[in-house]
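*Asks:* What follows is final_19.cif, made up of mmCIF, N, CA and C atoms:
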```cif
data_protein
#
loop_
_atom_site.label_atom_id
_atom_site.label_comp_id
_atom_site.auth_asym_id
_atom_site.auth_seq_id
_atom_site.Cartn_x
_atom_site.Cartn_y
_atom_site.Cartn_z
N MET J 230 -8.34 -36.35 -41.28
CA MET J 230 -9.17 -35.20 -41.04
C MET J 230 -8.84 -34.15 -42.09
N GLN J 231 -9.84 -33.75 -42.83
CA GLN J 231 -9.67 -32.75 -43.87
C GLN J 231 -9.94 -31.37 -43.28
N GLN J 232 -9.19 -30.36 -43.70
CA GLN J 232 -9.40 -29.01 -43.20
C GLN J 232 -9.27 -28.04 -44.35
N ARG J 233 -10.21 -27.09 -44.42
CA ARG J 233 -10.10 -26.03 -45.40
C ARG J 233 -10.77 -24.79 -44.86
N ASP J 234 -10.49 -23.66 -45.45
CA ASP J 234 -11.05 -22.40 -44.99
C ASP J 234 -12.39 -22.15 -45.67
N LEU J 235 -13.29 -21.48 -44.96
CA LEU J 235 -14.63 -21.19 -45.43
C LEU J 235 -14.60 -19.97 -46.33
N LYS J 236 -15.35 -20.02 -47.44
CA LYS J 236 -15.42 -18.85 -48.30
C LYS J 236 -16.21 -17.75 -47.59
N PRO J 237 -16.06 -16.49 -48.00
CA PRO J 237 -16.75 -15.40 -47.30
C PRO J 237 -18.27 -15.56 -47.35
N LEU J 238 -18.88 -15.37 -46.19
CA LEU J 238 -20.33 -15.37 -46.06
C LEU J 238 -20.72 -14.12 -45.29
N TYR J 239 -21.84 -13.55 -45.64
CA TYR J 239 -22.32 -12.38 -44.93
C TYR J 239 -23.50 -12.80 -44.08
N GLY J 240 -23.41 -12.56 -42.79
CA GLY J 240 -24.44 -12.99 -41.86
C GLY J 240 -25.19 -11.82 -41.26
N THR J 241 -26.34 -12.14 -40.69
CA THR J 241 -27.14 -11.13 -40.02
C THR J 241 -26.95 -11.16 -38.51
N GLU J 242 -26.51 -12.32 -37.98
CA GLU J 242 -26.34 -12.44 -36.53
C GLU J 242 -25.35 -13.56 -36.22
N ILE J 243 -24.47 -13.30 -35.28
CA ILE J 243 -23.52 -14.30 -34.81
C ILE J 243 -23.51 -14.24 -33.29
N THR J 244 -23.69 -15.40 -32.66
CA THR J 244 -23.67 -15.47 -31.20
C THR J 244 -22.71 -16.57 -30.76
N GLY J 245 -22.24 -16.48 -29.53
CA GLY J 245 -21.39 -17.53 -28.98
C GLY J 245 -19.91 -17.23 -29.04
N LEU J 246 -19.53 -15.99 -29.27
CA LEU J 246 -18.11 -15.64 -29.32
C LEU J 246 -17.61 -15.39 -27.90
N ASP J 247 -17.67 -16.43 -27.07
CA ASP J 247 -17.23 -16.28 -25.70
C ASP J 247 -16.41 -17.49 -25.27
N ALA J 248 -15.62 -17.27 -24.26
CA ALA J 248 -14.80 -18.34 -23.69
C ALA J 248 -14.85 -18.20 -22.18
N GLU J 249 -14.62 -19.31 -21.51
CA GLU J 249 -14.68 -19.32 -20.05
C GLU J 249 -13.57 -20.21 -19.51
N THR J 250 -12.96 -19.78 -18.42
CA THR J 250 -11.97 -20.59 -17.73
C THR J 250 -12.60 -21.15 -16.46
N GLU J 251 -12.59 -22.46 -16.35
CA GLU J 251 -13.15 -23.09 -15.16
C GLU J 251 -12.30 -22.77 -13.95
N GLN J 252 -12.94 -22.71 -12.80
CA GLN J 252 -12.22 -22.47 -11.55
C GLN J 252 -11.98 -23.79 -10.84
N ILE J 253 -10.78 -23.94 -10.32
CA ILE J 253 -10.44 -25.10 -9.50
C ILE J 253 -10.20 -24.60 -8.09
N GLU J 254 -10.92 -25.16 -7.14
CA GLU J 254 -10.68 -24.82 -5.75
C GLU J 254 -9.73 -25.85 -5.16
N TYR J 255 -8.70 -25.37 -4.49
CA TYR J 255 -7.63 -26.26 -4.04
C TYR J 255 -7.15 -25.80 -2.66
N ARG J 256 -6.85 -26.76 -1.82
CA ARG J 256 -6.22 -26.46 -0.53
C ARG J 256 -5.16 -27.52 -0.26
N GLU J 257 -3.95 -27.08 -0.05
CA GLU J 257 -2.87 -28.01 0.30
C GLU J 257 -3.15 -28.59 1.67
N GLY J 258 -2.76 -29.84 1.86
CA GLY J 258 -3.01 -30.51 3.12
C GLY J 258 -2.32 -29.88 4.31
N ASN J 259 -1.16 -29.25 4.10
CA ASN J 259 -0.43 -28.67 5.23
C ASN J 259 -0.56 -27.14 5.28
N SER J 260 -1.54 -26.58 4.57
CA SER J 260 -1.73 -25.13 4.55
C SER J 260 -2.25 -24.63 5.89
N PRO J 261 -1.65 -23.57 6.44
CA PRO J 261 -2.13 -23.02 7.71
C PRO J 261 -3.45 -22.24 7.54
N GLU J 262 -3.76 -21.89 6.32
CA GLU J 262 -5.01 -21.17 6.05
C GLU J 262 -6.17 -22.14 6.07
N PHE J 263 -7.29 -21.70 6.64
CA PHE J 263 -8.47 -22.55 6.70
C PHE J 263 -9.44 -22.15 5.58
N ARG J 264 -8.94 -22.16 4.37
CA ARG J 264 -9.76 -21.86 3.19
C ARG J 264 -9.07 -22.41 1.95
N LYS J 265 -9.84 -22.51 0.89
CA LYS J 265 -9.32 -22.98 -0.39
C LYS J 265 -8.85 -21.79 -1.21
N ILE J 266 -7.92 -22.04 -2.12
CA ILE J 266 -7.54 -21.01 -3.09
C ILE J 266 -8.18 -21.38 -4.42
N LYS J 267 -8.36 -20.41 -5.27
CA LYS J 267 -8.93 -20.64 -6.59
C LYS J 267 -7.84 -20.52 -7.63
N MET J 268 -7.83 -21.49 -8.53
CA MET J 268 -6.82 -21.54 -9.58
C MET J 268 -7.52 -21.66 -10.92
N PRO J 269 -6.89 -21.18 -12.01
CA PRO J 269 -7.49 -21.37 -13.33
C PRO J 269 -7.38 -22.82 -13.78
N GLY J 270 -8.45 -23.31 -14.40
CA GLY J 270 -8.48 -24.68 -14.90
C GLY J 270 -8.59 -24.70 -16.41
N MET J 271 -9.34 -25.66 -16.91
CA MET J 271 -9.51 -25.83 -18.36
C MET J 271 -10.37 -24.71 -18.93
N GLN J 272 -10.13 -24.39 -20.20
CA GLN J 272 -10.94 -23.39 -20.88
C GLN J 272 -12.07 -24.07 -21.64
N LYS J 273 -13.22 -23.41 -21.67
CA LYS J 273 -14.38 -23.91 -22.40
C LYS J 273 -14.79 -22.86 -23.42
N ASN J 274 -15.19 -23.33 -24.60
CA ASN J 274 -15.68 -22.44 -25.64
C ASN J 274 -17.13 -22.80 -25.95
N SER J 275 -17.96 -21.80 -26.08
CA SER J 275 -19.34 -22.03 -26.48
C SER J 275 -19.39 -22.31 -27.97
N ASN J 276 -20.42 -23.02 -28.41
CA ASN J 276 -20.63 -23.17 -29.84
C ASN J 276 -21.01 -21.82 -30.42
N ILE J 277 -20.63 -21.59 -31.66
CA ILE J 277 -20.94 -20.34 -32.35
C ILE J 277 -22.14 -20.59 -33.27
N THR J 278 -23.12 -19.69 -33.20
CA THR J 278 -24.30 -19.79 -34.05
C THR J 278 -24.27 -18.63 -35.04
N MET J 279 -24.39 -18.96 -36.32
CA MET J 279 -24.37 -17.95 -37.37
C MET J 279 -25.70 -17.99 -38.12
N LYS J 280 -26.29 -16.81 -38.35
CA LYS J 280 -27.55 -16.72 -39.08
C LYS J 280 -27.36 -15.80 -40.27
N ARG J 281 -28.07 -16.14 -41.35
CA ARG J 281 -28.02 -15.30 -42.55
C ARG J 281 -29.27 -15.51 -43.36
N GLY J 282 -29.52 -14.59 -44.26
CA GLY J 282 -30.66 -14.72 -45.15
C GLY J 282 -30.43 -15.86 -46.14
N THR J 283 -31.51 -16.58 -46.45
CA THR J 283 -31.41 -17.67 -47.42
C THR J 283 -31.30 -17.10 -48.81
N LEU J 284 -30.32 -17.58 -49.58
CA LEU J 284 -30.10 -17.11 -50.94
C LEU J 284 -30.31 -18.26 -51.92
N PRO J 285 -30.92 -17.98 -53.07
CA PRO J 285 -31.09 -19.05 -54.06
C PRO J 285 -29.73 -19.57 -54.53
N ALA J 286 -29.65 -20.87 -54.70
CA ALA J 286 -28.46 -21.55 -55.23
C ALA J 286 -27.22 -21.39 -54.36
N ASP J 287 -27.38 -21.02 -53.08
CA ASP J 287 -26.26 -20.96 -52.17
C ASP J 287 -26.55 -21.89 -51.00
N ASN J 288 -26.04 -23.10 -51.08
CA ASN J 288 -26.28 -24.12 -50.07
C ASN J 288 -25.01 -24.44 -49.29
N GLU J 289 -24.16 -23.44 -49.07
CA GLU J 289 -22.87 -23.68 -48.42
C GLU J 289 -23.02 -24.27 -47.03
N PHE J 290 -23.99 -23.80 -46.24
CA PHE J 290 -24.20 -24.36 -44.90
C PHE J 290 -24.50 -25.85 -44.99
N PHE J 291 -25.39 -26.23 -45.91
CA PHE J 291 -25.80 -27.63 -46.02
C PHE J 291 -24.71 -28.49 -46.65
N ARG J 292 -23.94 -27.94 -47.59
CA ARG J 292 -22.81 -28.69 -48.16
C ARG J 292 -21.80 -29.02 -47.07
N TRP J 293 -21.50 -28.05 -46.22
CA TRP J 293 -20.56 -28.27 -45.13
C TRP J 293 -21.15 -29.29 -44.14
N TRP J 294 -22.41 -29.17 -43.82
CA TRP J 294 -23.08 -30.11 -42.92
C TRP J 294 -22.98 -31.53 -43.46
N ASN J 295 -23.13 -31.72 -44.76
CA ASN J 295 -23.10 -33.05 -45.37
C ASN J 295 -21.71 -33.68 -45.36
N THR J 296 -20.66 -32.93 -45.03
CA THR J 296 -19.32 -33.52 -44.95
C THR J 296 -19.10 -34.21 -43.62
N VAL J 297 -20.00 -34.00 -42.66
CA VAL J 297 -19.86 -34.61 -41.34
C VAL J 297 -20.48 -36.00 -41.36
N SER J 298 -19.69 -36.98 -41.03
CA SER J 298 -20.18 -38.34 -40.86
C SER J 298 -19.33 -39.00 -39.78
N LEU J 299 -19.65 -40.21 -39.45
CA LEU J 299 -18.97 -40.87 -38.35
C LEU J 299 -17.45 -40.88 -38.56
N ASN J 300 -16.74 -40.31 -37.61
CA ASN J 300 -15.27 -40.25 -37.58
C ASN J 300 -14.63 -39.44 -38.70
N THR J 301 -15.41 -38.73 -39.49
CA THR J 301 -14.83 -37.83 -40.49
C THR J 301 -15.51 -36.49 -40.38
N ILE J 302 -14.72 -35.46 -40.24
CA ILE J 302 -15.23 -34.11 -40.08
C ILE J 302 -14.39 -33.19 -40.95
N GLU J 303 -15.06 -32.34 -41.71
CA GLU J 303 -14.33 -31.32 -42.46
C GLU J 303 -14.23 -30.08 -41.57
N ARG J 304 -13.07 -29.91 -40.97
CA ARG J 304 -12.87 -28.76 -40.08
C ARG J 304 -12.42 -27.56 -40.91
N ARG J 305 -12.90 -26.41 -40.53
CA ARG J 305 -12.54 -25.18 -41.24
C ARG J 305 -12.13 -24.10 -40.24
N ASN J 306 -11.17 -23.31 -40.65
CA ASN J 306 -10.83 -22.12 -39.88
C ASN J 306 -11.73 -20.99 -40.38
N LEU J 307 -12.38 -20.30 -39.46
CA LEU J 307 -13.29 -19.23 -39.81
C LEU J 307 -12.71 -17.89 -39.41
N VAL J 308 -13.00 -16.88 -40.19
CA VAL J 308 -12.67 -15.51 -39.83
C VAL J 308 -13.99 -14.75 -39.77
N ILE J 309 -14.30 -14.24 -38.59
CA ILE J 309 -15.52 -13.48 -38.39
C ILE J 309 -15.11 -12.03 -38.23
N SER J 310 -15.65 -11.16 -39.07
CA SER J 310 -15.28 -9.75 -39.06
C SER J 310 -16.49 -8.88 -38.79
N LEU J 311 -16.32 -7.91 -37.91
CA LEU J 311 -17.32 -6.87 -37.69
C LEU J 311 -16.96 -5.74 -38.64
N LEU J 312 -17.86 -5.41 -39.55
CA LEU J 312 -17.58 -4.42 -40.59
C LEU J 312 -18.24 -3.09 -40.28
N ASN J 313 -17.60 -2.01 -40.70
CA ASN J 313 -18.22 -0.69 -40.57
C ASN J 313 -19.06 -0.40 -41.81
N GLU J 314 -19.54 0.81 -41.94
CA GLU J 314 -20.41 1.19 -43.05
C GLU J 314 -19.72 1.05 -44.41
N LYS J 315 -18.39 1.14 -44.43
CA LYS J 315 -17.63 1.03 -45.67
C LYS J 315 -17.19 -0.41 -45.94
N HIS J 316 -17.70 -1.37 -45.16
CA HIS J 316 -17.35 -2.79 -45.25
C HIS J 316 -15.88 -3.04 -44.97
N GLU J 317 -15.31 -2.24 -44.05
CA GLU J 317 -13.94 -2.43 -43.59
C GLU J 317 -13.97 -3.11 -42.22
N PRO J 318 -13.07 -4.06 -41.97
CA PRO J 318 -13.08 -4.74 -40.67
C PRO J 318 -12.74 -3.79 -39.51
N VAL J 319 -13.57 -3.81 -38.49
CA VAL J 319 -13.33 -3.05 -37.27
C VAL J 319 -12.75 -3.98 -36.20
N MET J 320 -13.31 -5.19 -36.10
CA MET J 320 -12.82 -6.23 -35.21
C MET J 320 -12.84 -7.54 -35.96
N VAL J 321 -11.89 -8.43 -35.62
CA VAL J 321 -11.78 -9.72 -36.30
C VAL J 321 -11.59 -10.82 -35.26
N TRP J 322 -12.35 -11.91 -35.42
CA TRP J 322 -12.22 -13.09 -34.58
C TRP J 322 -11.79 -14.25 -35.48
N ASN J 323 -10.73 -14.96 -35.11
CA ASN J 323 -10.27 -16.14 -35.84
C ASN J 323 -10.70 -17.37 -35.06
N VAL J 324 -11.47 -18.23 -35.71
CA VAL J 324 -12.02 -19.42 -35.08
C VAL J 324 -11.25 -20.62 -35.61
N LYS J 325 -10.75 -21.45 -34.71
CA LYS J 325 -9.88 -22.57 -35.08
C LYS J 325 -10.66 -23.89 -35.16
N ASN J 326 -10.48 -24.60 -36.26
CA ASN J 326 -10.98 -25.97 -36.45
C ASN J 326 -12.48 -26.12 -36.17
N ALA J 327 -13.28 -25.30 -36.81
CA ALA J 327 -14.73 -25.36 -36.62
C ALA J 327 -15.35 -26.46 -37.47
N TRP J 328 -16.45 -27.04 -36.96
CA TRP J 328 -17.21 -28.03 -37.72
C TRP J 328 -18.68 -27.92 -37.31
N PRO J 329 -19.59 -28.15 -38.24
CA PRO J 329 -21.01 -27.93 -37.96
C PRO J 329 -21.62 -29.00 -37.07
N THR J 330 -22.39 -28.56 -36.08
CA THR J 330 -23.11 -29.48 -35.21
C THR J 330 -24.61 -29.43 -35.49
N LYS J 331 -25.07 -28.34 -36.11
CA LYS J 331 -26.51 -28.20 -36.36
C LYS J 331 -26.73 -27.23 -37.51
N VAL J 332 -27.64 -27.56 -38.41
CA VAL J 332 -28.05 -26.67 -39.48
C VAL J 332 -29.56 -26.57 -39.42
N GLN J 333 -30.08 -25.37 -39.57
CA GLN J 333 -31.52 -25.17 -39.50
C GLN J 333 -31.95 -24.26 -40.64
N SER J 334 -32.95 -24.71 -41.37
CA SER J 334 -33.52 -23.90 -42.43
C SER J 334 -34.58 -22.98 -41.84
N THR J 335 -35.12 -22.12 -42.64
CA THR J 335 -36.13 -21.18 -42.18
C THR J 335 -37.45 -21.88 -41.87
N ASP J 336 -38.25 -21.28 -41.01
CA ASP J 336 -39.60 -21.77 -40.77
C ASP J 336 -40.48 -21.34 -41.94
N LEU J 337 -41.33 -22.24 -42.37
CA LEU J 337 -42.22 -21.95 -43.49
C LEU J 337 -43.63 -21.72 -42.97
N LYS J 338 -44.11 -20.48 -43.16
CA LYS J 338 -45.45 -20.12 -42.70
C LYS J 338 -46.21 -19.50 -43.87
N ALA J 339 -47.36 -20.04 -44.17
CA ALA J 339 -48.15 -19.54 -45.29
C ALA J 339 -48.65 -18.12 -45.03
N ASP J 340 -48.88 -17.77 -43.77
CA ASP J 340 -49.40 -16.44 -43.46
C ASP J 340 -48.32 -15.46 -43.03
N GLY J 341 -47.05 -15.84 -43.09
CA GLY J 341 -45.95 -14.98 -42.66
C GLY J 341 -45.30 -14.27 -43.84
N ASN J 342 -44.61 -13.17 -43.53
CA ASN J 342 -43.86 -12.46 -44.57
C ASN J 342 -42.46 -12.09 -44.09
N GLU J 343 -41.90 -12.93 -43.17
CA GLU J 343 -40.56 -12.69 -42.65
C GLU J 343 -39.50 -13.09 -43.68
N VAL J 344 -38.32 -12.56 -43.51
CA VAL J 344 -37.19 -12.93 -44.35
C VAL J 344 -36.79 -14.36 -44.02
N ALA J 345 -36.47 -15.15 -45.02
CA ALA J 345 -36.03 -16.53 -44.83
C ALA J 345 -34.62 -16.53 -44.26
N ILE J 346 -34.45 -17.10 -43.07
CA ILE J 346 -33.16 -17.12 -42.37
C ILE J 346 -32.72 -18.56 -42.19
N GLU J 347 -31.45 -18.85 -42.51
CA GLU J 347 -30.89 -20.16 -42.22
C GLU J 347 -29.83 -20.00 -41.14
N THR J 348 -29.65 -21.07 -40.35
CA THR J 348 -28.78 -21.03 -39.18
C THR J 348 -27.83 -22.20 -39.21
N ILE J 349 -26.59 -21.97 -38.81
CA ILE J 349 -25.63 -23.06 -38.62
C ILE J 349 -24.96 -22.84 -37.26
N GLU J 350 -24.81 -23.95 -36.52
CA GLU J 350 -24.11 -23.91 -35.24
C GLU J 350 -22.85 -24.74 -35.39
N VAL J 351 -21.72 -24.18 -34.96
CA VAL J 351 -20.45 -24.88 -35.10
C VAL J 351 -19.74 -25.01 -33.76
N ALA J 352 -19.09 -26.17 -33.58
CA ALA J 352 -18.17 -26.38 -32.47
C ALA J 352 -16.78 -25.98 -32.96
N HIS J 353 -15.90 -25.64 -32.05
CA HIS J 353 -14.57 -25.19 -32.47
C HIS J 353 -13.57 -25.42 -31.35
N GLU J 354 -12.31 -25.11 -31.64
CA GLU J 354 -11.22 -25.32 -30.68
C GLU J 354 -10.58 -24.04 -30.20
N GLY J 355 -11.29 -22.94 -30.31
CA GLY J 355 -10.76 -21.68 -29.77
C GLY J 355 -10.98 -20.50 -30.69
N VAL J 356 -11.06 -19.32 -30.06
CA VAL J 356 -11.24 -18.04 -30.76
C VAL J 356 -10.11 -17.12 -30.33
N LYS J 357 -9.52 -16.45 -31.30
CA LYS J 357 -8.48 -15.44 -31.01
C LYS J 357 -8.88 -14.14 -31.65
#
```
Go ahead and express the file in the form of structure tokens.
*Replies:*
Amino acid sequence: MQQRDLKPLYGTEITGLDAETEQIEYREGNSPEFRKIKMPGMQKNSNITMKRGTLPADNEFFRWWNTVSLNTIERRNLVISLLNEKHEPVMVWNVKNAWPTKVQSTDLKADGNEVAIETIEVAHEGVK
């Protein structure tokens, strides 16, 4: 398994920076209480979706997508930063062992004048 860090990319939208802990309901057989207790279980992470404007000669999303094949994945550690007006980080999320699950190019409409947006969705092993 090859792993490398992603070069800086500037995006317009990022979604999926959430995590959830599953609940386990449990009751011991000899408990005098007539109810279950709730305990924390496994953690689940949503896939992260990143969108950005399409730039000429910048195919980084598709190059990364093309590294995925059966039993080989190029995993990358991502750093997602929320920047202020001076382009200084206000908040930072570190994403562990991400790999692309979906890449989407912009919709092409002859009568449209929207900005060309490309999208990549990545699976990962945790956000800190």
*Asks:* Which one of J:Thr244, J:Thr335, J:Asn326, J:Asn300 sits closest to J:Met279 if you count only N, CA and C atoms?
*Replies:* J:Thr244
*Asks:* What's the separation between atom CA of J:Ala327 and atom CA of J:Gln252, in Å to one decimal place?
*Replies:*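 Between these atoms lies a distance of 25.4 Å.
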*Asks:* Closest to J:Glu347 among J:Pro261, J:Pro318, J:Gly282, J:Pro329, using only N, CA and C atoms?
*Replies:*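 Using only N, CA and C atoms, the shortest distance to J:Glu347 belongs to J:Gly282.
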*Asks:* Taking the file as shown, what set of residues would the PyMOL selection byres (((chain J and resi 263-268 and name CA) around 9) and name CA) give back, as a ChimeraX atom specification?
*Replies:* /J:251-257,260-262,269-270
*Asks:* Can you give me, as an mmCIF file with N, CA and C atoms, in the frame of the given file, the residues this file yields under the PyMOL selection byres ((chain J and resi 330) around 6)?
*Replies:*
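Contents of part.cif, freshly written:
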```cif
data_model
loop_
_atom_site.group_PDB
_atom_site.id
_atom_site.type_symbol
_atom_site.label_atom_id
_atom_site.label_comp_id
_atom_site.auth_asym_id
_atom_site.auth_seq_id
_atom_site.Cartn_x
_atom_site.Cartn_y
_atom_site.Cartn_z
ATOM 1 N N TRP J 328 -16.450 -27.040 -36.960
ATOM 2 C CA TRP J 328 -17.210 -28.030 -37.720
ATOM 3 C C TRP J 328 -18.680 -27.920 -37.310
ATOM 4 N N PRO J 329 -19.590 -28.150 -38.240
ATOM 5 C CA PRO J 329 -21.010 -27.930 -37.960
ATOM 6 C C PRO J 329 -21.620 -29.000 -37.070
ATOM 7 N N LYS J 331 -25.070 -28.340 -36.110
ATOM 8 C CA LYS J 331 -26.510 -28.200 -36.360
ATOM 9 C C LYS J 331 -26.730 -27.230 -37.510
ATOM 10 N N VAL J 332 -27.640 -27.560 -38.410
ATOM 11 C CA VAL J 332 -28.050 -26.670 -39.480
ATOM 12 C C VAL J 332 -29.560 -26.570 -39.420
ATOM 13 N N GLU J 350 -24.810 -23.950 -36.520
ATOM 14 C CA GLU J 350 -24.110 -23.910 -35.240
ATOM 15 C C GLU J 350 -22.850 -24.740 -35.390
ATOM 16 N N VAL J 351 -21.720 -24.180 -34.960
ATOM 17 C CA VAL J 351 -20.450 -24.880 -35.100
ATOM 18 C C VAL J 351 -19.740 -25.010 -33.760
ATOM 19 N N ALA J 352 -19.090 -26.170 -33.580
ATOM 20 C CA ALA J 352 -18.170 -26.380 -32.470
ATOM 21 C C ALA J 352 -16.780 -25.980 -32.960
#
```
*Asks:* Convert the output of the PyMOL selection byres (((chain J and resi 344 and name CA) around 10) and name CA) on the shown file into explicit residues, formatted as a PyMOL selection string.
*Replies:* chain J and resi 281-283+335-336+341-343+345-347
*Asks:* Restricting the calculation to only C-alpha atoms: of J:Glu242, J:Glu314, J:Thr278, J:Asn259, which residue gets closest to J:Gln333?
*Replies:*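 Ranked by minimum distance to J:Gln333, first place goes to J:Thr278.
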*Asks:* Show me, as an MDAnalysis selection string, the residues that have an atom within 8 Å of J:Ser310 when counting all atoms listed in the file, minus same-chain residues fewer than 2 positions from it.
*Replies:* chainID J and resid 307:308 312:313 317:323
*Asks:* Please report the interatomic distance between atom CA of J:Ala248 and atom CA of J:Asn295 in Å with one decimal.
*Replies:* 27.5 Å
*Asks:* J:Asp247: which residues within 10 Å, counting only C-alpha atoms, same-chain residues fewer than 3 positions away excluded, as number ranges by chain?
*Replies:* J: 244, 273-277, 355-356
*Asks:* Mind checking DSSP for stretch 230-329 of chain J and telling me the alpha helix (DSSP H) residues as a PyMOL selection string?
*Replies:* chain J and resi 289-294
*Asks:* Between atom CA of J:Ile309 and atom CA of J:His353, what is the spacing in Å?
*Replies:*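 If I compute the distance from atom CA of J:His353 to atom CA of J:Ile309, I get 13.2 Å.
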*Asks:* Complete stretch 320-327 of chain J at the level of all heavy atoms, written as a PDB file, in the coordinates of the input.
*Replies:*
```pdb
ATOM      1  N   MET J 320     -13.310  -5.190 -36.100  1.00  0.00           N
ATOM      2  CA  MET J 320     -12.820  -6.230 -35.210  1.00  0.00           C
ATOM      3  C   MET J 320     -12.840  -7.540 -35.960  1.00  0.00           C
ATOM      4  O   MET J 320     -13.685  -7.753 -36.829  1.00  0.00           O
ATOM      5  CB  MET J 320     -13.690  -6.347 -33.953  1.00  0.00           C
ATOM      6  CG  MET J 320     -13.638  -5.149 -33.040  1.00  0.00           C
ATOM      7  SD  MET J 320     -14.661  -5.363 -31.571  1.00  0.00           S
ATOM      8  CE  MET J 320     -13.736  -6.600 -30.705  1.00  0.00           C
ATOM      9  N   VAL J 321     -11.890  -8.430 -35.620  1.00  0.00           N
ATOM     10  CA  VAL J 321     -11.780  -9.720 -36.300  1.00  0.00           C
ATOM     11  C   VAL J 321     -11.590 -10.820 -35.260  1.00  0.00           C
ATOM     12  O   VAL J 321     -10.805 -10.668 -34.325  1.00  0.00           O
ATOM     13  CB  VAL J 321     -10.594  -9.729 -37.296  1.00  0.00           C
ATOM     14  CG1 VAL J 321     -10.419 -11.101 -37.923  1.00  0.00           C
ATOM     15  CG2 VAL J 321     -10.788  -8.667 -38.373  1.00  0.00           C
ATOM     16  N   TRP J 322     -12.350 -11.910 -35.420  1.00  0.00           N
ATOM     17  CA  TRP J 322     -12.220 -13.090 -34.580  1.00  0.00           C
ATOM     18  C   TRP J 322     -11.790 -14.250 -35.480  1.00  0.00           C
ATOM     19  O   TRP J 322     -12.407 -14.496 -36.519  1.00  0.00           O
ATOM     20  CB  TRP J 322     -13.542 -13.466 -33.915  1.00  0.00           C
ATOM     21  CG  TRP J 322     -14.041 -12.469 -32.929  1.00  0.00           C
ATOM     22  CD1 TRP J 322     -13.847 -12.482 -31.584  1.00  0.00           C
ATOM     23  CD2 TRP J 322     -14.837 -11.315 -33.195  1.00  0.00           C
ATOM     24  NE1 TRP J 322     -14.471 -11.417 -30.997  1.00  0.00           N
ATOM     25  CE2 TRP J 322     -15.094 -10.678 -31.966  1.00  0.00           C
ATOM     26  CE3 TRP J 322     -15.363 -10.741 -34.361  1.00  0.00           C
ATOM     27  CZ2 TRP J 322     -15.845  -9.521 -31.858  1.00  0.00           C
ATOM     28  CZ3 TRP J 322     -16.105  -9.583 -34.262  1.00  0.00           C
ATOM     29  CH2 TRP J 322     -16.340  -8.989 -33.013  1.00  0.00           C
ATOM     30  N   ASN J 323     -10.730 -14.960 -35.110  1.00  0.00           N
ATOM     31  CA  ASN J 323     -10.270 -16.140 -35.840  1.00  0.00           C
ATOM     32  C   ASN J 323     -10.700 -17.370 -35.060  1.00  0.00           C
ATOM     33  O   ASN J 323     -10.340 -17.526 -33.891  1.00  0.00           O
ATOM     34  CB  ASN J 323      -8.746 -16.125 -36.001  1.00  0.00           C
ATOM     35  CG  ASN J 323      -8.303 -15.008 -36.920  1.00  0.00           C
ATOM     36  OD1 ASN J 323      -8.688 -14.972 -38.074  1.00  0.00           O
ATOM     37  ND2 ASN J 323      -7.508 -14.090 -36.403  1.00  0.00           N
ATOM     38  N   VAL J 324     -11.470 -18.230 -35.710  1.00  0.00           N
ATOM     39  CA  VAL J 324     -12.020 -19.420 -35.080  1.00  0.00           C
ATOM     40  C   VAL J 324     -11.250 -20.620 -35.610  1.00  0.00           C
ATOM     41  O   VAL J 324     -11.123 -20.798 -36.825  1.00  0.00           O
ATOM     42  CB  VAL J 324     -13.526 -19.554 -35.386  1.00  0.00           C
ATOM     43  CG1 VAL J 324     -14.102 -20.784 -34.710  1.00  0.00           C
ATOM     44  CG2 VAL J 324     -14.266 -18.296 -34.962  1.00  0.00           C
ATOM     45  N   LYS J 325     -10.750 -21.450 -34.710  1.00  0.00           N
ATOM     46  CA  LYS J 325      -9.880 -22.570 -35.080  1.00  0.00           C
ATOM     47  C   LYS J 325     -10.660 -23.890 -35.160  1.00  0.00           C
ATOM     48  O   LYS J 325     -11.395 -24.240 -34.244  1.00  0.00           O
ATOM     49  CB  LYS J 325      -8.763 -22.690 -34.042  1.00  0.00           C
ATOM     50  CG  LYS J 325      -7.764 -23.768 -34.300  1.00  0.00           C
ATOM     51  CD  LYS J 325      -6.722 -23.796 -33.185  1.00  0.00           C
ATOM     52  CE  LYS J 325      -5.816 -24.987 -33.347  1.00  0.00           C
ATOM     53  NZ  LYS J 325      -4.901 -25.118 -32.218  1.00  0.00           N
ATOM     54  N   ASN J 326     -10.480 -24.600 -36.260  1.00  0.00           N
ATOM     55  CA  ASN J 326     -10.980 -25.970 -36.450  1.00  0.00           C
ATOM     56  C   ASN J 326     -12.480 -26.120 -36.170  1.00  0.00           C
ATOM     57  O   ASN J 326     -12.904 -26.981 -35.428  1.00  0.00           O
ATOM     58  CB  ASN J 326     -10.200 -26.966 -35.587  1.00  0.00           C
ATOM     59  CG  ASN J 326      -8.777 -27.121 -36.044  1.00  0.00           C
ATOM     60  OD1 ASN J 326      -8.472 -26.941 -37.214  1.00  0.00           O
ATOM     61  ND2 ASN J 326      -7.897 -27.437 -35.133  1.00  0.00           N
ATOM     62  N   ALA J 327     -13.280 -25.300 -36.810  1.00  0.00           N
ATOM     63  CA  ALA J 327     -14.730 -25.360 -36.620  1.00  0.00           C
ATOM     64  C   ALA J 327     -15.350 -26.460 -37.470  1.00  0.00           C
ATOM     65  O   ALA J 327     -14.837 -26.790 -38.539  1.00  0.00           O
ATOM     66  CB  ALA J 327     -15.359 -24.020 -36.991  1.00  0.00           C
TER      67      ALA J 327
END
```
